[in-house]
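Asker: Dumping the structure here so I can ask a few things about it.
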Amino acid sequence: MTTEVLGISEESLCKAKKYIEEGEAVAFHTETVYGLGANAFSDEAVRKIFALKGRPADNPLIAHVHADYDLSRLIDGEPPYAAALRAAFLPGPLTMVYPSKGKVSKYVSCGLDTLAVRVPSSPAAQAFLRAADLPVAAPSANLSKHVSPVTARHVLDDFGGKIPLILDGGNCSGGIESTVLDCTGEVPQILREGLVTREMIAAVAGDCGVYVPQEGERPKSPGMAYKHYSPCCRTAWAKSAEEALQIYKNEDMGCGKPLILCESGVIPKLFGARALDLGDTGEEMARRLYALLREGERKATLLIGVEPKEKGGVMAGVMNRMLRAFGGDHET
Ligand code: AMP
Ligand code: MG
């Protein structure tokens with residue numbers, strides 16, 4: 001199969017609509033990362049997504065809809081705080097988990113009685129979802145466990161020849177996946193941290209929890225149980241510039257090609273060691289992280305991540321992705 005990479009136009013949207021109706025998978029731009037979408041009403045189309053990615057069968061997908069789609073067609077009621085959160089953050093990088101009406105394919109939620117829905121804000125995503133005019137089940141458009149894609153090129157690297165169309169909307173400005181929020185309880189609870197932070201949610205909803213799976217319990221967000229976001233090269237995790245330099249020197253002496261991934265403030269402490277600069281703020285680091293992980297895996301035999309100093313706000317999401325990519329102690 002040839003994979004076409006097309007910008008947003010009447011013609012490309014027409015093709016995308018046709019492919020979705022035929023049960024094919026189409027990759028599309030969002031403000032977080034690229035998604036790999038298929039008709040959420042079709043068992044066969046949804047199963048194709050799992051097969052293409054090599055995604056475990058118990059890791060549910062998010063149903064994406066355009067901004068005017070009537071959510072009550074898919075979800076079975078919502079608490080008052082959820083309506084306030086929708087008004088405040090949608091369209092945007094917030095996925096909300098609701099009781100499901102069971103209208104979409106059972107494979108979307110992997111047998112759970114809830115449904116995760118998201119209204120992305122990127123104009124390219126909105127144009128695609130309006131053209132499709134049905135809920136599009138979509139995970140990130142990367143092979144399972146690999147780093148999420150933030151450019152059309154990244155999608156092509158993982159799925160070239162396997163899907164008919166990538167809708168190219170440019171680089172993803174957000175850079176890490178959406179915040180996943182459980183809206184089935186009295187208080188909203190974050191299942192996956194992202195660009196809409198706990199602080200932002202609590203300011204609107206009055207309160208916001210962060211779900212931590214208990215030992216032996218089936219996690220509420222099954223995706224978080226899997227190793228994720230991993231570069232193809234070996235990785236190491238360092239708590240300081242000094243520790244990173246030590247690991248770097250060992251690899252260098254063994255004739256490997258080490259590369260350090262760190263925030264800007266660490267670079268002067270590396271005395272010229274080769275490094276990839278994540279930037280200064282949480283937003284900047286989120287935007288750059290996945291492109292740099294993909295650059296790192298191409299250039300290095302060993303990629304060394306350095307723990308950033310700042311931990312609050314968007315950095316909670318960045319830290320979560322870094323620890324999982326670098327095999328730190330956060331794996332759940
Ligand atoms: P991805 O699409 O690859 O960003 O992954 C989607 C994330 O949303 C995974 O972490 C899933 O576990 C989570 N998710 C999707 N549907 C549900 C649901 N019904 N309940 C809880 N988490 C969900
Ligand atoms: Mg993913």
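Numbering starts fresh at 1 for the residues of each chain in the structure tokens, the chains themselves are lettered A, B, ... in the order given, and ligands are numbered from 1 as they appear.
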Produce as a list in words the set of residues near ligand 2, where near means within 8 Å with only C-alpha atoms and all ligand atoms considered.

Answerer: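 Listed by chain and ascending number, the contacts are Pro139, Ser140, Ala141, Asn142, Ser144, Lys145, Ser148, Glu177, Gly223, His228 and Tyr229 of chain A.
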
Asker: Any residue with an atom at most 7 Å from ligand 1 counts, using only C-alpha atoms and all ligand atoms. Which are they? Put them as a list of chain:residue names.

Answerer: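 So the residues close to ligand 1 are A:Asn59, A:Pro60, A:Leu61, A:Ile62, A:Val97, A:Ser109, A:Leu112, A:Thr114, A:Leu115, A:Ala116, A:Ala138, A:Pro139, A:Ser140, A:Glu177, A:Ser178, A:Val180, A:Asp182, A:Leu191, A:Arg192, A:Lys220, A:Ser221, A:Pro222, A:Gly223, A:Met224.
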
Asker: Which polymer residues have any atom within 7 Å of an atom of A:Leu6, counting only C-alpha atoms, with same-chain residues fewer than 2 positions away left out, as a ChimeraX atom specification?

Answerer: /A:4,8,12,166-168

Asker: Atoms to include: N, CA and C atoms. Write the selected residues as a PDB file, in the first residue's frame.

Answerer:
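Result went into part_33.pdb, see below:
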ATOM      1  N   GLU A   4      -0.103   8.094   1.360  1.00  0.00           N
ATOM      2  CA  GLU A   4      -0.060   9.490   0.921  1.00  0.00           C
ATOM      3  C   GLU A   4       0.045  10.401   2.148  1.00  0.00           C
ATOM      4  N   ILE A   8      -4.105  19.681   4.667  1.00  0.00           N
ATOM      5  CA  ILE A   8      -5.558  19.768   4.752  1.00  0.00           C
ATOM      6  C   ILE A   8      -6.096  20.547   3.549  1.00  0.00           C
ATOM      7  N   SER A  12      -8.153  16.317   0.227  1.00  0.00           N
ATOM      8  CA  SER A  12      -7.607  15.347   1.197  1.00  0.00           C
ATOM      9  C   SER A  12      -8.675  14.964   2.231  1.00  0.00           C
ATOM     10  N   ILE A 166      -1.952   9.993   5.601  1.00  0.00           N
ATOM     11  CA  ILE A 166      -1.583  10.795   6.779  1.00  0.00           C
ATOM     12  C   ILE A 166      -1.991  12.229   6.468  1.00  0.00           C
ATOM     13  N   LEU A 167      -2.867  12.797   7.290  1.00  0.00           N
ATOM     14  CA  LEU A 167      -3.255  14.200   7.114  1.00  0.00           C
ATOM     15  C   LEU A 167      -2.241  15.069   7.857  1.00  0.00           C
ATOM     16  N   ASP A 168      -1.436  15.771   7.107  1.00  0.00           N
ATOM     17  CA  ASP A 168      -0.320  16.524   7.675  1.00  0.00           C
ATOM     18  C   ASP A 168      -0.791  17.908   8.124  1.00  0.00           C
TER      19      ASP A 168
END

Asker: May I ask which of the residues A:Ser100, A:Asn250, A:Val147, A:Val306 is the closest one to A:Thr184, counting only C-alpha atoms?

Answerer: A:Ser100

Asker: Select from stretch 15-203 of chain A everything DSSP, run on the backbone, classes as helix (DSSP H, G or I), then give the selection as a PDB file with N, CA, C and O atoms, in the first residue's frame.

Answerer:
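Dumped everything to selection_24.pdb:
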ATOM      1  N   LYS A  15     -10.927  12.399   0.710  1.00  0.00           N
ATOM      2  CA  LYS A  15     -10.278  11.080   0.727  1.00  0.00           C
ATOM      3  C   LYS A  15     -10.346  10.480   2.128  1.00  0.00           C
ATOM      4  O   LYS A  15     -10.645   9.303   2.305  1.00  0.00           O
ATOM      5  N   ALA A  16     -10.059  11.312   3.137  1.00  0.00           N
ATOM      6  CA  ALA A  16     -10.051  10.828   4.521  1.00  0.00           C
ATOM      7  C   ALA A  16     -11.438  10.293   4.887  1.00  0.00           C
ATOM      8  O   ALA A  16     -11.563   9.209   5.474  1.00  0.00           O
ATOM      9  N   LYS A  17     -12.469  11.034   4.523  1.00  0.00           N
ATOM     10  CA  LYS A  17     -13.854  10.611   4.822  1.00  0.00           C
ATOM     11  C   LYS A  17     -14.132   9.255   4.181  1.00  0.00           C
ATOM     12  O   LYS A  17     -14.684   8.353   4.812  1.00  0.00           O
ATOM     13  N   LYS A  18     -13.713   9.128   2.927  1.00  0.00           N
ATOM     14  CA  LYS A  18     -13.954   7.881   2.182  1.00  0.00           C
ATOM     15  C   LYS A  18     -13.219   6.716   2.888  1.00  0.00           C
ATOM     16  O   LYS A  18     -13.803   5.660   3.112  1.00  0.00           O
ATOM     17  N   TYR A  19     -11.972   6.923   3.242  1.00  0.00           N
ATOM     18  CA  TYR A  19     -11.214   5.851   3.897  1.00  0.00           C
ATOM     19  C   TYR A  19     -11.870   5.448   5.221  1.00  0.00           C
ATOM     20  O   TYR A  19     -11.980   4.274   5.552  1.00  0.00           O
ATOM     21  N   ILE A  20     -12.292   6.460   5.996  1.00  0.00           N
ATOM     22  CA  ILE A  20     -12.917   6.157   7.299  1.00  0.00           C
ATOM     23  C   ILE A  20     -14.203   5.347   7.062  1.00  0.00           C
ATOM     24  O   ILE A  20     -14.451   4.346   7.747  1.00  0.00           O
ATOM     25  N   GLU A  21     -14.986   5.748   6.077  1.00  0.00           N
ATOM     26  CA  GLU A  21     -16.234   5.014   5.789  1.00  0.00           C
ATOM     27  C   GLU A  21     -15.966   3.586   5.319  1.00  0.00           C
ATOM     28  O   GLU A  21     -16.756   2.679   5.556  1.00  0.00           O
ATOM     29  N   ASP A  43     -16.612  -2.545  14.431  1.00  0.00           N
ATOM     30  CA  ASP A  43     -15.724  -3.496  15.126  1.00  0.00           C
ATOM     31  C   ASP A  43     -14.457  -3.735  14.318  1.00  0.00           C
ATOM     32  O   ASP A  43     -13.346  -3.711  14.843  1.00  0.00           O
ATOM     33  N   GLU A  44     -14.667  -3.958  13.024  1.00  0.00           N
ATOM     34  CA  GLU A  44     -13.543  -4.334  12.166  1.00  0.00           C
ATOM     35  C   GLU A  44     -12.514  -3.194  12.064  1.00  0.00           C
ATOM     36  O   GLU A  44     -11.308  -3.425  12.147  1.00  0.00           O
ATOM     37  N   ALA A  45     -13.022  -1.969  11.890  1.00  0.00           N
ATOM     38  CA  ALA A  45     -12.120  -0.818  11.762  1.00  0.00           C
ATOM     39  C   ALA A  45     -11.338  -0.603  13.061  1.00  0.00           C
ATOM     40  O   ALA A  45     -10.136  -0.325  13.036  1.00  0.00           O
ATOM     41  N   VAL A  46     -12.020  -0.753  14.208  1.00  0.00           N
ATOM     42  CA  VAL A  46     -11.348  -0.531  15.492  1.00  0.00           C
ATOM     43  C   VAL A  46     -10.299  -1.631  15.731  1.00  0.00           C
ATOM     44  O   VAL A  46      -9.186  -1.352  16.192  1.00  0.00           O
ATOM     45  N   ARG A  47     -10.640  -2.848  15.364  1.00  0.00           N
ATOM     46  CA  ARG A  47      -9.668  -3.944  15.547  1.00  0.00           C
ATOM     47  C   ARG A  47      -8.435  -3.742  14.671  1.00  0.00           C
ATOM     48  O   ARG A  47      -7.329  -4.140  15.041  1.00  0.00           O
ATOM     49  N   LYS A  48      -8.644  -3.104  13.524  1.00  0.00           N
ATOM     50  CA  LYS A  48      -7.514  -2.823  12.622  1.00  0.00           C
ATOM     51  C   LYS A  48      -6.475  -1.923  13.317  1.00  0.00           C
ATOM     52  O   LYS A  48      -5.275  -2.102  13.165  1.00  0.00           O
ATOM     53  N   ILE A  49      -6.971  -0.961  14.091  1.00  0.00           N
ATOM     54  CA  ILE A  49      -6.065  -0.052  14.825  1.00  0.00           C
ATOM     55  C   ILE A  49      -5.157  -0.857  15.772  1.00  0.00           C
ATOM     56  O   ILE A  49      -3.943  -0.644  15.834  1.00  0.00           O
ATOM     57  N   PHE A  50      -5.780  -1.779  16.532  1.00  0.00           N
ATOM     58  CA  PHE A  50      -5.003  -2.591  17.475  1.00  0.00           C
ATOM     59  C   PHE A  50      -3.956  -3.417  16.729  1.00  0.00           C
ATOM     60  O   PHE A  50      -2.811  -3.520  17.155  1.00  0.00           O
ATOM     61  N   ALA A  51      -4.378  -3.994  15.578  1.00  0.00           N
ATOM     62  CA  ALA A  51      -3.468  -4.855  14.808  1.00  0.00           C
ATOM     63  C   ALA A  51      -2.310  -4.025  14.243  1.00  0.00           C
ATOM     64  O   ALA A  51      -1.151  -4.433  14.333  1.00  0.00           O
ATOM     65  N   LEU A  52      -2.613  -2.856  13.684  1.00  0.00           N
ATOM     66  CA  LEU A  52      -1.571  -2.024  13.084  1.00  0.00           C
ATOM     67  C   LEU A  52      -0.519  -1.609  14.112  1.00  0.00           C
ATOM     68  O   LEU A  52       0.675  -1.613  13.836  1.00  0.00           O
ATOM     69  N   LYS A  53      -0.988  -1.241  15.303  1.00  0.00           N
ATOM     70  CA  LYS A  53      -0.070  -0.749  16.327  1.00  0.00           C
ATOM     71  C   LYS A  53       0.629  -1.867  17.084  1.00  0.00           C
ATOM     72  O   LYS A  53       1.662  -1.644  17.705  1.00  0.00           O
ATOM     73  N   LEU A  71     -22.450  14.987  22.449  1.00  0.00           N
ATOM     74  CA  LEU A  71     -21.837  13.921  23.258  1.00  0.00           C
ATOM     75  C   LEU A  71     -22.869  13.006  23.902  1.00  0.00           C
ATOM     76  O   LEU A  71     -22.584  11.839  24.199  1.00  0.00           O
ATOM     77  N   SER A  72     -24.089  13.543  24.121  1.00  0.00           N
ATOM     78  CA  SER A  72     -25.107  12.724  24.793  1.00  0.00           C
ATOM     79  C   SER A  72     -25.514  11.522  23.927  1.00  0.00           C
ATOM     80  O   SER A  72     -26.159  10.600  24.414  1.00  0.00           O
ATOM     81  N   ARG A  73     -25.087  11.511  22.668  1.00  0.00           N
ATOM     82  CA  ARG A  73     -25.340  10.326  21.843  1.00  0.00           C
ATOM     83  C   ARG A  73     -24.471   9.154  22.292  1.00  0.00           C
ATOM     84  O   ARG A  73     -24.777   7.997  22.019  1.00  0.00           O
ATOM     85  N   PRO A  80     -22.133  17.646  37.368  1.00  0.00           N
ATOM     86  CA  PRO A  80     -22.083  19.081  37.063  1.00  0.00           C
ATOM     87  C   PRO A  80     -20.656  19.587  36.815  1.00  0.00           C
ATOM     88  O   PRO A  80     -20.438  20.418  35.942  1.00  0.00           O
ATOM     89  N   TYR A  81     -19.673  19.047  37.561  1.00  0.00           N
ATOM     90  CA  TYR A  81     -18.312  19.555  37.364  1.00  0.00           C
ATOM     91  C   TYR A  81     -17.813  19.257  35.954  1.00  0.00           C
ATOM     92  O   TYR A  81     -17.003  20.000  35.395  1.00  0.00           O
ATOM     93  N   ALA A  82     -18.306  18.158  35.351  1.00  0.00           N
ATOM     94  CA  ALA A  82     -17.821  17.787  34.016  1.00  0.00           C
ATOM     95  C   ALA A  82     -18.296  18.796  32.972  1.00  0.00           C
ATOM     96  O   ALA A  82     -17.556  19.147  32.048  1.00  0.00           O
ATOM     97  N   ALA A  83     -19.541  19.291  33.145  1.00  0.00           N
ATOM     98  CA  ALA A  83     -20.051  20.301  32.215  1.00  0.00           C
ATOM     99  C   ALA A  83     -19.192  21.566  32.320  1.00  0.00           C
ATOM    100  O   ALA A  83     -18.846  22.186  31.307  1.00  0.00           O
ATOM    101  N   ALA A  84     -18.824  21.928  33.544  1.00  0.00           N
ATOM    102  CA  ALA A  84     -17.982  23.121  33.745  1.00  0.00           C
ATOM    103  C   ALA A  84     -16.596  22.907  33.117  1.00  0.00           C
ATOM    104  O   ALA A  84     -16.034  23.813  32.494  1.00  0.00           O
ATOM    105  N   LEU A  85     -16.056  21.700  33.249  1.00  0.00           N
ATOM    106  CA  LEU A  85     -14.735  21.408  32.673  1.00  0.00           C
ATOM    107  C   LEU A  85     -14.781  21.439  31.148  1.00  0.00           C
ATOM    108  O   LEU A  85     -13.860  21.929  30.494  1.00  0.00           O
ATOM    109  N   ARG A  86     -15.869  20.922  30.591  1.00  0.00           N
ATOM    110  CA  ARG A  86     -16.011  20.955  29.125  1.00  0.00           C
ATOM    111  C   ARG A  86     -16.014  22.399  28.641  1.00  0.00           C
ATOM    112  O   ARG A  86     -15.362  22.749  27.664  1.00  0.00           O
ATOM    113  N   ALA A  87     -16.812  23.234  29.371  1.00  0.00           N
ATOM    114  CA  ALA A  87     -16.911  24.641  28.971  1.00  0.00           C
ATOM    115  C   ALA A  87     -15.545  25.324  29.070  1.00  0.00           C
ATOM    116  O   ALA A  87     -15.187  26.155  28.229  1.00  0.00           O
ATOM    117  N   ALA A  88     -14.761  24.940  30.069  1.00  0.00           N
ATOM    118  CA  ALA A  88     -13.473  25.614  30.290  1.00  0.00           C
ATOM    119  C   ALA A  88     -12.373  25.113  29.346  1.00  0.00           C
ATOM    120  O   ALA A  88     -11.539  25.900  28.908  1.00  0.00           O
ATOM    121  N   PHE A  89     -12.350  23.822  29.038  1.00  0.00           N
ATOM    122  CA  PHE A  89     -11.156  23.263  28.379  1.00  0.00           C
ATOM    123  C   PHE A  89     -11.387  22.644  26.996  1.00  0.00           C
ATOM    124  O   PHE A  89     -10.417  22.290  26.327  1.00  0.00           O
ATOM    125  N   PRO A 123      -7.098  22.909  14.349  1.00  0.00           N
ATOM    126  CA  PRO A 123      -8.008  23.113  13.200  1.00  0.00           C
ATOM    127  C   PRO A 123      -7.958  21.920  12.239  1.00  0.00           C
ATOM    128  O   PRO A 123      -8.987  21.555  11.662  1.00  0.00           O
ATOM    129  N   ALA A 124      -6.781  21.300  12.082  1.00  0.00           N
ATOM    130  CA  ALA A 124      -6.669  20.144  11.179  1.00  0.00           C
ATOM    131  C   ALA A 124      -7.508  18.980  11.710  1.00  0.00           C
ATOM    132  O   ALA A 124      -8.209  18.307  10.944  1.00  0.00           O
ATOM    133  N   ALA A 125      -7.463  18.755  13.023  1.00  0.00           N
ATOM    134  CA  ALA A 125      -8.253  17.665  13.623  1.00  0.00           C
ATOM    135  C   ALA A 125      -9.743  17.966  13.496  1.00  0.00           C
ATOM    136  O   ALA A 125     -10.539  17.091  13.153  1.00  0.00           O
ATOM    137  N   GLN A 126     -10.108  19.212  13.755  1.00  0.00           N
ATOM    138  CA  GLN A 126     -11.525  19.587  13.654  1.00  0.00           C
ATOM    139  C   GLN A 126     -12.035  19.396  12.221  1.00  0.00           C
ATOM    140  O   GLN A 126     -13.135  18.885  12.012  1.00  0.00           O
ATOM    141  N   ALA A 127     -11.228  19.800  11.239  1.00  0.00           N
ATOM    142  CA  ALA A 127     -11.637  19.660   9.835  1.00  0.00           C
ATOM    143  C   ALA A 127     -11.829  18.184   9.498  1.00  0.00           C
ATOM    144  O   ALA A 127     -12.817  17.801   8.850  1.00  0.00           O
ATOM    145  N   PHE A 128     -10.908  17.341   9.949  1.00  0.00           N
ATOM    146  CA  PHE A 128     -10.996  15.898   9.685  1.00  0.00           C
ATOM    147  C   PHE A 128     -12.239  15.302  10.361  1.00  0.00           C
ATOM    148  O   PHE A 128     -13.007  14.548   9.745  1.00  0.00           O
ATOM    149  N   LEU A 129     -12.470  15.662  11.636  1.00  0.00           N
ATOM    150  CA  LEU A 129     -13.590  15.070  12.373  1.00  0.00           C
ATOM    151  C   LEU A 129     -14.936  15.562  11.833  1.00  0.00           C
ATOM    152  O   LEU A 129     -15.923  14.815  11.825  1.00  0.00           O
ATOM    153  N   ARG A 130     -14.972  16.795  11.355  1.00  0.00           N
ATOM    154  CA  ARG A 130     -16.208  17.298  10.724  1.00  0.00           C
ATOM    155  C   ARG A 130     -16.470  16.561   9.418  1.00  0.00           C
ATOM    156  O   ARG A 130     -17.606  16.215   9.098  1.00  0.00           O
ATOM    157  N   ALA A 131     -15.396  16.315   8.659  1.00  0.00           N
ATOM    158  CA  ALA A 131     -15.555  15.592   7.398  1.00  0.00           C
ATOM    159  C   ALA A 131     -16.058  14.172   7.688  1.00  0.00           C
ATOM    160  O   ALA A 131     -16.984  13.685   7.032  1.00  0.00           O
ATOM    161  N   ALA A 132     -15.475  13.518   8.663  1.00  0.00           N
ATOM    162  CA  ALA A 132     -15.873  12.137   8.998  1.00  0.00           C
ATOM    163  C   ALA A 132     -17.288  12.129   9.582  1.00  0.00           C
ATOM    164  O   ALA A 132     -18.085  11.235   9.324  1.00  0.00           O
ATOM    165  N   ALA A 152       4.293  14.549  10.820  1.00  0.00           N
ATOM    166  CA  ALA A 152       3.810  13.555   9.856  1.00  0.00           C
ATOM    167  C   ALA A 152       4.931  12.577   9.508  1.00  0.00           C
ATOM    168  O   ALA A 152       4.697  11.390   9.264  1.00  0.00           O
ATOM    169  N   ARG A 153       6.171  13.061   9.502  1.00  0.00           N
ATOM    170  CA  ARG A 153       7.343  12.214   9.199  1.00  0.00           C
ATOM    171  C   ARG A 153       7.450  11.071  10.228  1.00  0.00           C
ATOM    172  O   ARG A 153       7.744   9.929   9.878  1.00  0.00           O
ATOM    173  N   HIS A 154       7.229  11.400  11.509  1.00  0.00           N
ATOM    174  CA  HIS A 154       7.283  10.358  12.550  1.00  0.00           C
ATOM    175  C   HIS A 154       6.251   9.261  12.270  1.00  0.00           C
ATOM    176  O   HIS A 154       6.526   8.082  12.457  1.00  0.00           O
ATOM    177  N   VAL A 155       5.048   9.685  11.839  1.00  0.00           N
ATOM    178  CA  VAL A 155       3.990   8.700  11.551  1.00  0.00           C
ATOM    179  C   VAL A 155       4.424   7.821  10.376  1.00  0.00           C
ATOM    180  O   VAL A 155       4.293   6.598  10.404  1.00  0.00           O
ATOM    181  N   LEU A 156       4.983   8.480   9.357  1.00  0.00           N
ATOM    182  CA  LEU A 156       5.433   7.750   8.163  1.00  0.00           C
ATOM    183  C   LEU A 156       6.522   6.737   8.546  1.00  0.00           C
ATOM    184  O   LEU A 156       6.557   5.612   8.025  1.00  0.00           O
ATOM    185  N   ASP A 157       7.411   7.115   9.460  1.00  0.00           N
ATOM    186  CA  ASP A 157       8.476   6.194   9.901  1.00  0.00           C
ATOM    187  C   ASP A 157       7.886   4.920  10.500  1.00  0.00           C
ATOM    188  O   ASP A 157       8.430   3.838  10.341  1.00  0.00           O
ATOM    189  N   ASP A 158       6.766   5.044  11.232  1.00  0.00           N
ATOM    190  CA  ASP A 158       6.171   3.862  11.889  1.00  0.00           C
ATOM    191  C   ASP A 158       5.156   3.139  10.996  1.00  0.00           C
ATOM    192  O   ASP A 158       5.001   1.926  11.101  1.00  0.00           O
ATOM    193  N   PHE A 159       4.449   3.883  10.122  1.00  0.00           N
ATOM    194  CA  PHE A 159       3.326   3.270   9.396  1.00  0.00           C
ATOM    195  C   PHE A 159       3.389   3.413   7.874  1.00  0.00           C
ATOM    196  O   PHE A 159       2.399   3.131   7.200  1.00  0.00           O
ATOM    197  N   ARG A 198      -3.538  19.357  36.990  1.00  0.00           N
ATOM    198  CA  ARG A 198      -4.385  19.172  38.170  1.00  0.00           C
ATOM    199  C   ARG A 198      -4.849  20.527  38.716  1.00  0.00           C
ATOM    200  O   ARG A 198      -6.013  20.699  39.083  1.00  0.00           O
ATOM    201  N   GLU A 199      -3.921  21.476  38.749  1.00  0.00           N
ATOM    202  CA  GLU A 199      -4.233  22.804  39.285  1.00  0.00           C
ATOM    203  C   GLU A 199      -5.333  23.470  38.445  1.00  0.00           C
ATOM    204  O   GLU A 199      -6.262  24.073  38.988  1.00  0.00           O
ATOM    205  N   MET A 200      -5.217  23.349  37.120  1.00  0.00           N
ATOM    206  CA  MET A 200      -6.207  23.966  36.223  1.00  0.00           C
ATOM    207  C   MET A 200      -7.582  23.316  36.412  1.00  0.00           C
ATOM    208  O   MET A 200      -8.613  23.989  36.414  1.00  0.00           O
ATOM    209  N   ILE A 201      -7.604  21.995  36.579  1.00  0.00           N
ATOM    210  CA  ILE A 201      -8.870  21.275  36.749  1.00  0.00           C
ATOM    211  C   ILE A 201      -9.505  21.624  38.097  1.00  0.00           C
ATOM    212  O   ILE A 201     -10.701  21.920  38.180  1.00  0.00           O
ATOM    213  N   ALA A 202      -8.672  21.638  39.144  1.00  0.00           N
ATOM    214  CA  ALA A 202      -9.190  21.940  40.490  1.00  0.00           C
ATOM    215  C   ALA A 202      -9.764  23.358  40.539  1.00  0.00           C
ATOM    216  O   ALA A 202     -10.753  23.612  41.233  1.00  0.00           O
ATOM    217  N   ALA A 203      -9.159  24.286  39.807  1.00  0.00           N
ATOM    218  CA  ALA A 203      -9.638  25.677  39.810  1.00  0.00           C
ATOM    219  C   ALA A 203     -11.058  25.766  39.244  1.00  0.00           C
ATOM    220  O   ALA A 203     -11.829  26.645  39.637  1.00  0.00           O
TER     221      ALA A 203
END

Asker: By how many Å are atom CA of A:Val136 and atom CA of A:Val65 apart?

Answerer: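 Computed distance, atom CA of A:Val136 to atom CA of A:Val65, equals 6.5 Å.
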
Asker: Can you pull out the residues contacting A:Glu307? Cut-off 8 Å, using only C-alpha atoms, and skip same-chain residues under 3 positions away; I want them as a list of chain:residue names.

Answerer: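 That gives A:Trp237, A:Ala238, A:Lys239, A:Ser240, A:Cys262, A:Met319.
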
Asker: So that I can check the secondary structure, give me every residue of stretch 154-328 of chain A assigned strand (DSSP E or B) by backbone DSSP, as a PyMOL selection string.

Answerer: chain A and resi 165-168+179-182+189-192+209-210+230+234-238+258-262+275-277+302-306

Asker: Write out as a list of chain:residue names which residues come within 6 Å of A:Val119 when counting only C-alpha atoms, dropping same-chain ones fewer than 3 positions away.

Answerer: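 Counting only C-alpha atoms, the residues come to A:His64, A:Val65, A:His66, A:Pro91.
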
Asker: Of the candidates A:Glu78, A:Asp70, A:Asp277, A:Glu217, which one gets nearest to A:Pro188 if we count only C-alpha atoms?

Answerer: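 Using only C-alpha atoms, the shortest distance to A:Pro188 belongs to A:Glu78.
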
Asker: Do a neighbour search on A:Ile163 at 9 Å with only C-alpha atoms, toss out local chain neighbours closer than 4 positions, and write the hits as an MDAnalysis selection string.

Answerer: chainID A and resid 1:4 24:27 52 159

Asker: So, counting only C-alpha atoms, which residue among A:Gly174, A:Gly54, A:Gly185, A:Gly327 is closest to A:Gly92?

Answerer: A:Gly174

Asker: Excluding A:Ala275 and residues on its chain fewer than 4 positions from it, collect all residues at most 7 Å away from it, counting only C-alpha atoms, and give them as a VMD selection string.

Answerer: chain A and resid 259 to 261

Asker: Mind pulling up the distance from atom CA of A:Tyr248 to atom CA of A:Leu303?

Answerer: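 Rounded to one decimal, the two atoms are 8.9 Å apart.
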
Asker: Using only C-alpha atoms, pick whichever of A:Glu263, A:Asp113, A:Glu251, A:Glu284 has the shortest atom-to-atom distance to A:Thr301.

Answerer: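 Counting only C-alpha atoms, the residue closest to A:Thr301 is A:Glu251.
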
Asker: Please compute the atom CA of A:Thr197-atom CA of A:Val314 distance, one decimal, in Å.

Answerer: 6.0 Å

Asker: I need the residue nearest A:Leu36 from this list: A:Leu293, A:Val117, A:Leu143, A:Leu90. Use only C-alpha atoms for the distance.

Answerer: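 Distance minimum relative to A:Leu36 lands on A:Leu143.
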
Asker: Could you tell me which of A:Gln189, A:Asn171, A:Asn39, A:Ser230 comes closest to A:Ala325 if we count only C-alpha atoms?

Answerer: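 Of the candidates, the smallest distance to A:Ala325 is held by A:Ser230.
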